[in-house]
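Below is one structure; the comments refer to it alone.
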Amino acid sequence: MVANADSKASPALSLVAGGIAGGVESACTYPFEFAKTRVQLYGHEGVRNPFMVVAKVAKEEGLRALYKGCSTMIVGSIGKDAVRFVAFDSIRALFEDPVSHRSTTAQSIGAGMLTGVVASTAIVTPSERIKTALIDDARTAHRFRSPAHCIAVLWREQGPRRALYSGYTTTTLKQVGTTGFRLGSYAALKDWERARGVRVDSAFVSFANGAFAGTLTTLATQPFDTVKTKAQQARAVRTMDCVRAIYAEDGVRGFWRGTVMRLGRTVMAGGILFTANEQALKVLKTVFG
């Protein structure tokens with residue numbers, strides 16, 4: 001998806017570069033993901049600044065607490081972004097102009113939305129479910145010793161579908177919106193810049209484009225993320241029960257709970273993700289041709 005229009009990457013290189021980018025992005029930004037998830041599960045508790053939430057948890061629970069569930073998210077992100085980039089490249093190629101190798105904005109967003117369904121089903125829902133359950137359990141029952149133990153316990157207590165796919169509907173809706181807006185807007189922005197002679201493969205431009213795409217994505221998809229997080233806590237909860245609970249607690253604005261926390265991560269994450277992917281592709285093309 002991020003290769004130049006006249007120098008397309010093979011599916012294998014897109015897969016590897018996407019996996020590298022996903023792992024780097026998750027490792028760099030996880031404390032903000034942790035803070036966002038805590039706020040969505042338990043409310044702001046008087047603190048809205050994401051940096052203050054991170055500092056508060058580090059002080060009261062130790063630095064290790066900020067990375068509870070991180071390994072699950074890194075593994076999930078490697079798989080998710082590898083699948084995302086390969087699927088997006090393949091789907092977008094079906095719509096693009098055969099000569100210019102460019103798509104319209106609507107086609108790019110549509111390809112991203114279809115990619116979101118693939119990513120949610122294959123990787124995202126199971127990894128998000130386990131990550132959220134681990135963060136919730138660390139604050140409450142302290143039952144889970146590791147991601148594998150968490151899966152085993154939830155599988156035994158709730159069955160395989162609820163253990164791994166609780167919150168599937170809202171996660172998929174979020175991924176459809178997230179991937180559609182993020183990959184679609186990023187690709188459309190690059191096409192627009194390329195047509196005007198901008199050097200789109202520089203690290204600075206990649207980071208700026210990714211940060212812009214991340215901001216747009218967060219504001220558009222936050223309600224799905226809030227409901228999804230509520231539905232994936234350690235105990236079994238139905239999606240509509242989560243919707244009612246959020247509305248009862250904070251009204252409509254409750255569905256945007258954690259927006260600042262998520263922006264703190266996604267603005268940086270968008271920049272890091274696309275920059276890492278661009279640079280990884282350059283290195284891989286140099287090595288493997």
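Just remember, in the structure tokens the first chain shown is A, the second B, etc., residues are 1-based per chain, and ligands are 1-based in the order shown.
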Open item on the list: List the spatial neighbours of Ser146 of chain A as a ChimeraX atom specification - criterion: any atom at most 9 Å away, only C-alpha atoms, same-chain residues fewer than 5 positions off excluded.
Closed with: /A:69,134,151
Task: Residue nearest Ser202 of chain A - candidates A:Arg265, A:Val243, A:Phe274, A:Thr226, atoms counted: only C-alpha atoms - done: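 Counting only C-alpha atoms, the residue closest to Ser202 of chain A is A:Phe274.
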Task: Coordinates-based distance that separates atom CA of Ala21 of chain A from atom CA of Ala208 of chain A (Å, one decimal) - done: 15.8 Å
Open item on the list: Can you tell me which residues surround Pro147 of chain A at a distance of at most 10 Å, considering only C-alpha atoms, apart from same-chain residues fewer than 6 positions away, and format the answer as a list in words?
Closed with: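 The filter keeps Lys68, Gly69, Cys70, Ser71, Thr72, Ser127, Ile130, Lys131, Ala133, Leu134 and Val153 of chain A.
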Go ahead and save the picked residues with N, CA, C and O atoms, as a PDB file, in the first residue's frame.
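As a result, out_5.pdb now contains:
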ATOM      1  N   LYS A  68       0.981  -4.418  30.866  1.00  0.00           N
ATOM      2  CA  LYS A  68       0.128  -5.596  31.028  1.00  0.00           C
ATOM      3  C   LYS A  68      -0.660  -5.799  29.739  1.00  0.00           C
ATOM      4  O   LYS A  68      -1.377  -4.919  29.292  1.00  0.00           O
ATOM      5  N   GLY A  69      -0.521  -6.967  29.130  1.00  0.00           N
ATOM      6  CA  GLY A  69      -1.206  -7.259  27.876  1.00  0.00           C
ATOM      7  C   GLY A  69      -0.435  -6.798  26.650  1.00  0.00           C
ATOM      8  O   GLY A  69      -0.893  -6.976  25.519  1.00  0.00           O
ATOM      9  N   CYS A  70       0.763  -6.218  26.854  1.00  0.00           N
ATOM     10  CA  CYS A  70       1.525  -5.670  25.728  1.00  0.00           C
ATOM     11  C   CYS A  70       1.973  -6.748  24.756  1.00  0.00           C
ATOM     12  O   CYS A  70       1.907  -6.570  23.531  1.00  0.00           O
ATOM     13  N   SER A  71       2.446  -7.902  25.284  1.00  0.00           N
ATOM     14  CA  SER A  71       2.924  -8.959  24.390  1.00  0.00           C
ATOM     15  C   SER A  71       1.810  -9.455  23.473  1.00  0.00           C
ATOM     16  O   SER A  71       2.037  -9.721  22.286  1.00  0.00           O
ATOM     17  N   THR A  72       0.598  -9.540  24.026  1.00  0.00           N
ATOM     18  CA  THR A  72      -0.540  -9.958  23.207  1.00  0.00           C
ATOM     19  C   THR A  72      -0.806  -8.951  22.098  1.00  0.00           C
ATOM     20  O   THR A  72      -1.066  -9.321  20.950  1.00  0.00           O
ATOM     21  N   SER A 127      -6.992 -10.952  19.536  1.00  0.00           N
ATOM     22  CA  SER A 127      -5.899 -10.302  20.268  1.00  0.00           C
ATOM     23  C   SER A 127      -6.408  -9.165  21.149  1.00  0.00           C
ATOM     24  O   SER A 127      -5.941  -8.977  22.280  1.00  0.00           O
ATOM     25  N   ILE A 130      -8.141 -10.658  24.365  1.00  0.00           N
ATOM     26  CA  ILE A 130      -7.221 -11.119  25.401  1.00  0.00           C
ATOM     27  C   ILE A 130      -6.502  -9.956  26.054  1.00  0.00           C
ATOM     28  O   ILE A 130      -6.331  -9.911  27.280  1.00  0.00           O
ATOM     29  N   LYS A 131      -6.086  -8.961  25.260  1.00  0.00           N
ATOM     30  CA  LYS A 131      -5.421  -7.773  25.822  1.00  0.00           C
ATOM     31  C   LYS A 131      -6.326  -7.067  26.831  1.00  0.00           C
ATOM     32  O   LYS A 131      -5.891  -6.715  27.940  1.00  0.00           O
ATOM     33  N   ALA A 133      -8.980  -8.272  28.442  1.00  0.00           N
ATOM     34  CA  ALA A 133      -9.230  -9.131  29.605  1.00  0.00           C
ATOM     35  C   ALA A 133      -8.052  -9.079  30.574  1.00  0.00           C
ATOM     36  O   ALA A 133      -8.241  -9.054  31.799  1.00  0.00           O
ATOM     37  N   LEU A 134      -6.830  -9.060  30.063  1.00  0.00           N
ATOM     38  CA  LEU A 134      -5.648  -8.996  30.924  1.00  0.00           C
ATOM     39  C   LEU A 134      -5.579  -7.670  31.685  1.00  0.00           C
ATOM     40  O   LEU A 134      -5.263  -7.645  32.883  1.00  0.00           O
ATOM     41  N   VAL A 153      -8.318 -20.129  30.632  1.00  0.00           N
ATOM     42  CA  VAL A 153      -9.374 -19.909  31.625  1.00  0.00           C
ATOM     43  C   VAL A 153     -10.668 -19.454  30.956  1.00  0.00           C
ATOM     44  O   VAL A 153     -11.754 -19.980  31.239  1.00  0.00           O
TER      45      VAL A 153
END
Task: Closest of A:Val75, A:Phe95, A:Thr104, A:Arg64 to Val24 of chain A - atom-to-atom distances counting only C-alpha atoms - done: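 Closest to Val24 of chain A of all the choices is A:Val75.
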Open item on the list: Please list as a list in words every residue within 8 Å of Gly270 of chain A, counting only C-alpha atoms and excluding residues in the same chain fewer than 2 positions away.
Closed with: Phe207, Gly210, Ala211, Phe212, Ala213, Gly214, Thr266, Val267, Met268, Ile272, Leu273 and Phe274 of chain A
Write a file of the selected residues as a compact mmCIF listing (two decimals), in the first residue's frame, keeping C-alpha atoms.
# COMPACT_ATOMS: atom_id res chain seq x y z
CA PHE A 207 5.03 10.49 9.47
CA GLY A 210 0.21 8.89 9.00
CA ALA A 211 -0.45 11.25 11.93
CA PHE A 212 -3.18 13.03 9.95
CA ALA A 213 -4.78 9.72 8.99
CA GLY A 214 -4.61 8.55 12.61
CA THR A 266 -3.00 7.06 17.36
CA VAL A 267 -1.44 10.34 16.23
CA MET A 268 2.00 8.95 17.09
CA ILE A 272 5.24 5.49 13.34
CA LEU A 273 3.27 2.76 11.53
CA PHE A 274 3.47 4.23 8.04
Task: Distance criterion (only C-alpha atoms): nearest to Leu15 of chain A out of A:Gln158, A:Thr115, A:Asn277, A:Thr229 - done: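 Nearest candidate to Leu15 of chain A out of A:Gln158, A:Thr115, A:Asn277, A:Thr229: A:Asn277.
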